[in-house]
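Engineer: Please find protein-v5.csv (CSV, C-alpha atoms) on the next line:
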```csv
chain,number,residue,atom,x,y,z
A,1,MET,CA,43.4,-45.6,-101.7
A,2,ARG,CA,45.4,-48.3,-103.5
A,3,ALA,CA,46.0,-51.9,-102.3
A,4,ALA,CA,47.7,-54.9,-103.7
A,5,VAL,CA,46.6,-58.5,-103.2
A,6,ILE,CA,49.5,-61.0,-103.3
A,7,VAL,CA,48.7,-64.1,-105.3
A,8,PHE,CA,50.6,-67.4,-104.6
A,9,PRO,CA,50.2,-70.8,-106.3
A,10,GLY,CA,47.3,-72.3,-104.3
A,11,SER,CA,45.7,-69.0,-103.2
A,12,ASN,CA,42.0,-69.4,-103.3
A,13,CYS,CA,40.7,-66.2,-101.6
A,14,ASP,CA,42.6,-63.7,-103.7
A,15,ARG,CA,39.5,-62.7,-105.8
A,16,ASP,CA,37.3,-62.7,-102.7
A,17,MET,CA,39.8,-60.3,-101.1
A,18,LYS,CA,39.9,-58.0,-104.2
A,19,THR,CA,36.0,-58.0,-104.4
A,20,GLY,CA,35.8,-57.2,-100.6
A,21,LEU,CA,38.3,-54.3,-100.9
A,22,GLU,CA,36.4,-52.9,-103.9
A,23,ALA,CA,33.1,-53.1,-101.9
A,24,ALA,CA,34.9,-51.0,-99.3
A,25,GLY,CA,35.8,-48.4,-101.9
A,26,ILE,CA,39.4,-49.4,-102.3
A,27,ASP,CA,41.2,-49.7,-105.6
A,28,ALA,CA,42.8,-53.2,-105.6
A,29,GLY,CA,45.0,-55.1,-107.9
A,30,PHE,CA,46.9,-58.4,-108.0
A,31,VAL,CA,50.7,-58.9,-107.5
A,32,TRP,CA,52.3,-62.2,-108.4
A,33,HIS,CA,54.4,-64.0,-105.8
A,34,GLY,CA,57.4,-64.2,-108.2
A,35,ASP,CA,57.6,-60.5,-108.6
A,36,SER,CA,60.5,-58.8,-106.7
A,37,ALA,CA,58.8,-55.4,-106.3
A,38,LEU,CA,55.5,-53.9,-105.3
A,39,PRO,CA,53.8,-51.3,-107.4
A,40,GLY,CA,54.4,-47.7,-106.4
A,41,GLY,CA,51.8,-45.6,-104.5
A,42,LEU,CA,50.4,-48.5,-102.4
A,43,ASP,CA,48.6,-47.9,-99.1
A,44,ALA,CA,48.1,-51.5,-98.1
A,45,VAL,CA,49.2,-55.0,-99.0
A,46,LEU,CA,46.8,-58.0,-98.5
A,47,ILE,CA,48.0,-61.6,-98.2
A,48,PRO,CA,44.9,-63.8,-98.8
A,49,GLY,CA,43.9,-67.3,-97.6
A,50,GLY,CA,44.3,-70.5,-99.4
A,51,PHE,CA,47.1,-73.2,-99.6
A,52,SER,CA,50.2,-71.4,-100.9
A,53,TYR,CA,52.5,-73.9,-102.5
A,54,GLY,CA,50.2,-76.7,-101.4
A,55,ASP,CA,51.1,-76.1,-97.7
A,56,TYR,CA,54.2,-78.2,-98.2
A,57,LEU,CA,56.8,-78.2,-95.4
A,58,ARG,CA,54.6,-76.0,-93.1
A,59,CYS,CA,51.7,-73.8,-93.9
A,60,GLY,CA,53.1,-70.5,-95.2
A,61,ALA,CA,56.7,-71.6,-95.0
A,62,ILE,CA,57.5,-71.5,-98.7
A,63,GLY,CA,55.2,-68.5,-99.3
A,64,ALA,CA,57.2,-66.6,-96.7
A,65,ARG,CA,60.3,-67.1,-98.8
A,66,SER,CA,58.9,-66.1,-102.2
A,67,PRO,CA,60.5,-63.1,-103.9
A,68,ILE,CA,57.7,-60.7,-103.2
A,69,MET,CA,57.9,-61.1,-99.5
A,70,GLN,CA,61.1,-59.1,-99.1
A,71,ALA,CA,59.3,-56.2,-100.8
A,72,VAL,CA,56.4,-56.7,-98.3
A,73,ARG,CA,58.7,-56.7,-95.4
A,74,ASP,CA,60.3,-53.5,-96.6
A,75,PHE,CA,56.9,-52.0,-97.2
A,76,ALA,CA,55.9,-52.8,-93.6
A,77,ALA,CA,59.1,-51.4,-92.2
A,78,ARG,CA,58.3,-48.1,-93.9
A,79,GLY,CA,54.9,-48.0,-92.1
A,80,GLY,CA,52.8,-49.5,-94.9
A,81,TYR,CA,49.7,-51.5,-93.8
A,82,VAL,CA,49.8,-55.3,-94.2
A,83,LEU,CA,46.9,-57.6,-93.6
A,84,GLY,CA,47.2,-61.4,-93.7
A,85,VAL,CA,44.2,-63.6,-93.5
A,86,CYS,CA,44.2,-67.4,-92.7
A,87,ASN,CA,47.1,-68.7,-94.9
A,88,GLY,CA,48.2,-65.0,-95.1
A,89,PHE,CA,48.5,-65.0,-91.3
A,90,GLN,CA,50.6,-68.2,-91.5
A,91,ILE,CA,52.9,-66.5,-94.1
A,92,LEU,CA,53.2,-63.4,-91.9
A,93,THR,CA,54.4,-65.5,-88.9
A,94,GLU,CA,56.8,-67.6,-91.1
A,95,SER,CA,58.2,-64.4,-92.6
A,96,GLY,CA,58.9,-62.8,-89.2
A,97,LEU,CA,56.5,-60.0,-89.6
A,98,LEU,CA,54.4,-61.3,-86.7
A,99,PRO,CA,55.5,-63.3,-83.7
A,100,GLY,CA,54.3,-66.8,-82.9
A,101,ALA,CA,53.3,-69.7,-85.1
A,102,LEU,CA,50.1,-71.3,-86.4
A,103,MET,CA,49.9,-75.0,-85.5
A,104,ARG,CA,47.4,-77.9,-86.2
A,105,ASN,CA,44.0,-77.3,-84.6
A,106,ALA,CA,43.7,-79.0,-81.2
A,107,SER,CA,40.9,-81.1,-82.6
A,108,GLN,CA,43.1,-82.3,-85.4
A,109,ARG,CA,40.2,-81.4,-87.7
A,110,PHE,CA,39.5,-78.9,-90.4
A,111,ILE,CA,37.1,-76.2,-89.0
A,112,CYS,CA,34.7,-74.4,-91.4
A,113,ARG,CA,32.0,-72.3,-89.9
A,114,GLU,CA,31.0,-68.9,-88.6
A,115,VAL,CA,32.5,-67.8,-85.3
A,116,ALA,CA,31.9,-65.0,-82.8
A,117,LEU,CA,34.9,-62.7,-82.2
A,118,ARG,CA,35.5,-60.1,-79.6
A,119,VAL,CA,37.3,-56.9,-80.8
A,120,GLU,CA,40.2,-56.2,-78.4
A,121,SER,CA,41.7,-53.1,-79.9
A,122,ASP,CA,40.8,-49.9,-81.8
A,123,ALA,CA,43.9,-49.9,-84.0
A,124,PRO,CA,43.2,-47.0,-86.4
A,125,ARG,CA,43.8,-48.6,-89.7
A,126,PHE,CA,42.3,-52.0,-89.0
A,127,LEU,CA,39.6,-51.9,-86.2
A,128,ARG,CA,38.6,-48.2,-86.0
A,129,HIS,CA,35.0,-48.9,-87.2
A,130,TYR,CA,34.4,-51.3,-84.2
A,131,GLN,CA,34.3,-50.6,-80.5
A,132,PRO,CA,36.6,-52.5,-78.1
A,133,GLY,CA,34.5,-55.3,-76.6
A,134,GLU,CA,32.2,-55.4,-79.6
A,135,VAL,CA,31.3,-58.9,-80.8
A,136,ILE,CA,31.4,-59.5,-84.6
A,137,HIS,CA,30.8,-62.7,-86.6
A,138,LEU,CA,33.1,-63.9,-89.4
A,139,PRO,CA,33.7,-67.3,-91.1
A,140,VAL,CA,36.7,-69.5,-90.5
A,141,ALA,CA,38.1,-72.3,-92.6
A,142,HIS,CA,41.4,-73.8,-91.4
A,143,ALA,CA,43.2,-76.9,-90.2
A,144,GLU,CA,46.2,-75.0,-88.8
A,145,GLY,CA,44.8,-72.1,-86.9
A,146,CYS,CA,46.0,-72.8,-83.4
A,147,TYR,CA,48.1,-69.7,-82.5
A,148,MET,CA,51.0,-70.6,-80.3
A,149,VAL,CA,53.6,-68.2,-78.7
A,150,ASP,CA,56.0,-68.4,-75.8
A,151,ASP,CA,55.0,-67.0,-72.4
A,152,GLU,CA,57.3,-64.0,-72.6
A,153,THR,CA,56.1,-62.9,-76.0
A,154,LEU,CA,52.4,-63.6,-75.0
A,155,SER,CA,52.8,-61.3,-72.0
A,156,ALA,CA,54.3,-58.6,-74.3
A,157,LEU,CA,51.5,-58.9,-76.8
A,158,GLU,CA,48.9,-58.6,-74.0
A,159,GLY,CA,50.7,-55.6,-72.4
A,160,ASN,CA,51.2,-53.7,-75.7
A,161,GLY,CA,47.6,-54.1,-76.8
A,162,GLN,CA,48.6,-56.2,-79.8
A,163,ILE,CA,45.8,-58.7,-79.6
A,164,ALA,CA,43.2,-57.7,-82.2
A,165,LEU,CA,40.5,-60.4,-81.9
A,166,ARG,CA,39.6,-63.3,-79.6
A,167,TYR,CA,37.3,-66.2,-80.1
A,168,CYS,CA,34.2,-65.8,-77.8
A,169,ASP,CA,30.6,-66.6,-77.5
A,170,ASP,CA,27.7,-64.3,-78.7
A,171,ALA,CA,27.8,-62.5,-75.4
A,172,GLY,CA,31.5,-61.7,-75.7
A,173,GLN,CA,32.6,-64.2,-73.0
A,174,VAL,CA,36.0,-65.8,-73.6
A,175,ASP,CA,36.7,-69.2,-72.1
A,176,SER,CA,38.0,-72.7,-73.1
A,177,GLY,CA,34.6,-73.6,-74.5
A,178,THR,CA,34.8,-70.9,-77.2
A,179,ASN,CA,38.4,-71.7,-78.1
A,180,LEU,CA,37.7,-73.6,-81.3
A,181,ASN,CA,41.3,-74.4,-82.3
A,182,GLY,CA,43.3,-74.3,-79.1
A,183,SER,CA,45.0,-70.9,-79.6
A,184,ARG,CA,46.6,-69.4,-76.6
A,185,HIS,CA,44.3,-66.9,-74.8
A,186,ASN,CA,41.7,-67.5,-77.5
A,187,ILE,CA,43.7,-65.3,-79.9
A,188,ALA,CA,42.2,-65.1,-83.4
A,189,GLY,CA,44.2,-62.1,-84.6
A,190,VAL,CA,47.4,-60.3,-83.6
A,191,MET,CA,49.3,-57.2,-84.6
A,192,ASN,CA,53.0,-56.2,-84.6
A,193,ALA,CA,54.3,-53.7,-82.1
A,194,GLU,CA,53.7,-50.8,-84.5
A,195,LYS,CA,50.2,-52.0,-85.3
A,196,ASN,CA,50.6,-51.7,-89.0
A,197,VAL,CA,50.7,-55.4,-89.6
A,198,LEU,CA,47.7,-57.6,-88.7
A,199,GLY,CA,47.3,-61.4,-89.1
A,200,MET,CA,44.0,-63.1,-88.4
A,201,MET,CA,42.5,-66.5,-89.0
A,202,PRO,CA,38.8,-65.5,-89.7
A,203,HIS,CA,38.0,-64.2,-93.1
A,204,PRO,CA,36.6,-60.6,-93.3
A,205,GLU,CA,36.5,-60.8,-97.1
A,206,ARG,CA,33.9,-63.5,-96.9
A,207,ALA,CA,31.6,-61.3,-94.8
A,208,CYS,CA,31.2,-58.2,-97.0
A,209,ASP,CA,27.8,-58.8,-98.6
A,210,PRO,CA,24.4,-59.7,-97.1
A,211,ILE,CA,23.9,-62.4,-99.7
A,212,THR,CA,26.9,-64.4,-98.2
A,213,GLY,CA,25.4,-64.2,-94.7
A,214,GLY,CA,26.7,-61.0,-93.2
A,215,THR,CA,28.7,-57.8,-93.5
A,216,ASP,CA,30.8,-57.7,-90.3
A,217,GLY,CA,34.0,-58.0,-92.3
A,218,LEU,CA,33.4,-55.0,-94.5
A,219,ALA,CA,34.1,-52.5,-91.7
A,220,LEU,CA,37.6,-54.0,-91.2
A,221,LEU,CA,38.5,-53.7,-94.9
A,222,ALA,CA,37.0,-50.2,-95.1
A,223,ALA,CA,39.2,-49.1,-92.2
A,224,LEU,CA,42.2,-49.5,-94.5
A,225,ALA,CA,41.0,-46.5,-96.5
A,226,ALA,CA,42.5,-43.2,-95.4
```
Output the file's structure in the form of structure tokens.
Structural biologist:
Amino acid sequence: MRAAVIVFPGSNCDRDMKTGLEAAGIDAGFVWHGDSALPGGLDAVLIPGGFSYGDYLRCGAIGARSPIMQAVRDFAARGGYVLGVCNGFQILTESGLLPGALMRNASQRFICREVALRVESDAPRFLRHYQPGEVIHLPVAHAEGCYMVDDETLSALEGNGQIALRYCDDAGQVDSGTNLNGSRHNIAGVMNAEKNVLGMMPHPERACDPITGGTDGLALLAALAA
């Protein structure tokens, strides 16, 4: 199993992602944003968190237009697996690989803490090590994590089973009190129609070792392995 972690100017979770993937038994290497091609033989591409290009214009807007992203779009179109976390999620929406947009948190504040998440899907290459309805805990660290989408698209996402994760309480209850950033329907992670592209605001790579507070994220990265 081989994976590539894309590195942008301002990425700050790229090494965390590589370390998490290696803990999951996946061979991972870095690919620079200015490259125009991905290495051959890849099974997955990871777009990490951070502040690509300083978050100028809009978070992820410039990163989505970097040379490597056309290769990532082509990779996804061929069925390759793509995971974007935090700023990576923003880049995926800006690049058209996922619907919707990530807006400023409803509180207008940066949020950095552990959150409870309810698993909404059993997508084979992302969530197969969890059970639908299971509650996991991952850290978040974002100022623009409010997932917004129009009513028609939201209905399609719900109907097609494309919602991956929702913010909830420790009992798995989803309501306005657990919606930490104002996202529609408490959405924390969403997939494309083919379910080979996942974007999520919480950081699985920061929950892969007990010494950092938990290992709930390791199962998600391990699911990428064939």
Engineer: Figure out the distance between CA of Ile111 in chain A and CA of Gly50 in chain A, please, to one decimal in Å.
Structural biologist: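 Between CA of Gly50 in chain A and CA of Ile111 in chain A the gap is 13.9 Å.
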Engineer: Taking only C-alpha atoms into account, name the residue in A:Val119, A:Cys112, A:Ala44, A:Ala3 that is nearest to Gly29 in chain A.
Structural biologist: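 Smallest distance to Gly29 in chain A is found for A:Ala3.
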Engineer: In Å, how far is it from CA of Leu138 in chain A to CA of Cys168 in chain A?
Structural biologist: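 Interatomic distance, CA of Leu138 in chain A to CA of Cys168 in chain A: 11.8 Å.
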Engineer: Which distance in Å separates CA of Glu22 in chain A and CA of Gly80 in chain A, to one decimal?
Structural biologist: 19.0 Å
Engineer: Using all atoms of range 52-58 of chain A listed in the file and a margin of 8 Å per side, can you give the axis-aligned box centre and edge lengths in Å to one decimal, as JSON?
Structural biologist:
```
{"center_x": 53.5, "center_y": -74.8, "center_z": -97.8, "size_x": 22.6, "size_y": 22.8, "size_z": 25.4}
```
Engineer: Determine the nearest neighbour of Ala164 in chain A from the options A:Thr178, A:Asn105, A:Gln90, A:Asn186, counting all atoms listed in the file.
Structural biologist: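 Nearest candidate to Ala164 in chain A out of A:Thr178, A:Asn105, A:Gln90, A:Asn186: A:Asn186.
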Engineer: Return the single residue from A:Gly20, A:Pro99, A:Gly63, A:Pro132 that is closest to Leu154 in chain A, with distances computed using only C-alpha atoms.
Structural biologist: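 Going through A:Gly20, A:Pro99, A:Gly63, A:Pro132 one by one, the smallest distance to Leu154 in chain A is for A:Pro99.
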Engineer: Applying 9 Å and all atoms listed in the file, which residues near Asn192 in chain A remain after dropping the ones on its own chain fewer than 2 positions away? List them as an MDAnalysis selection string.
Structural biologist: chainID A and resid 97:99 157 162 190 194:199
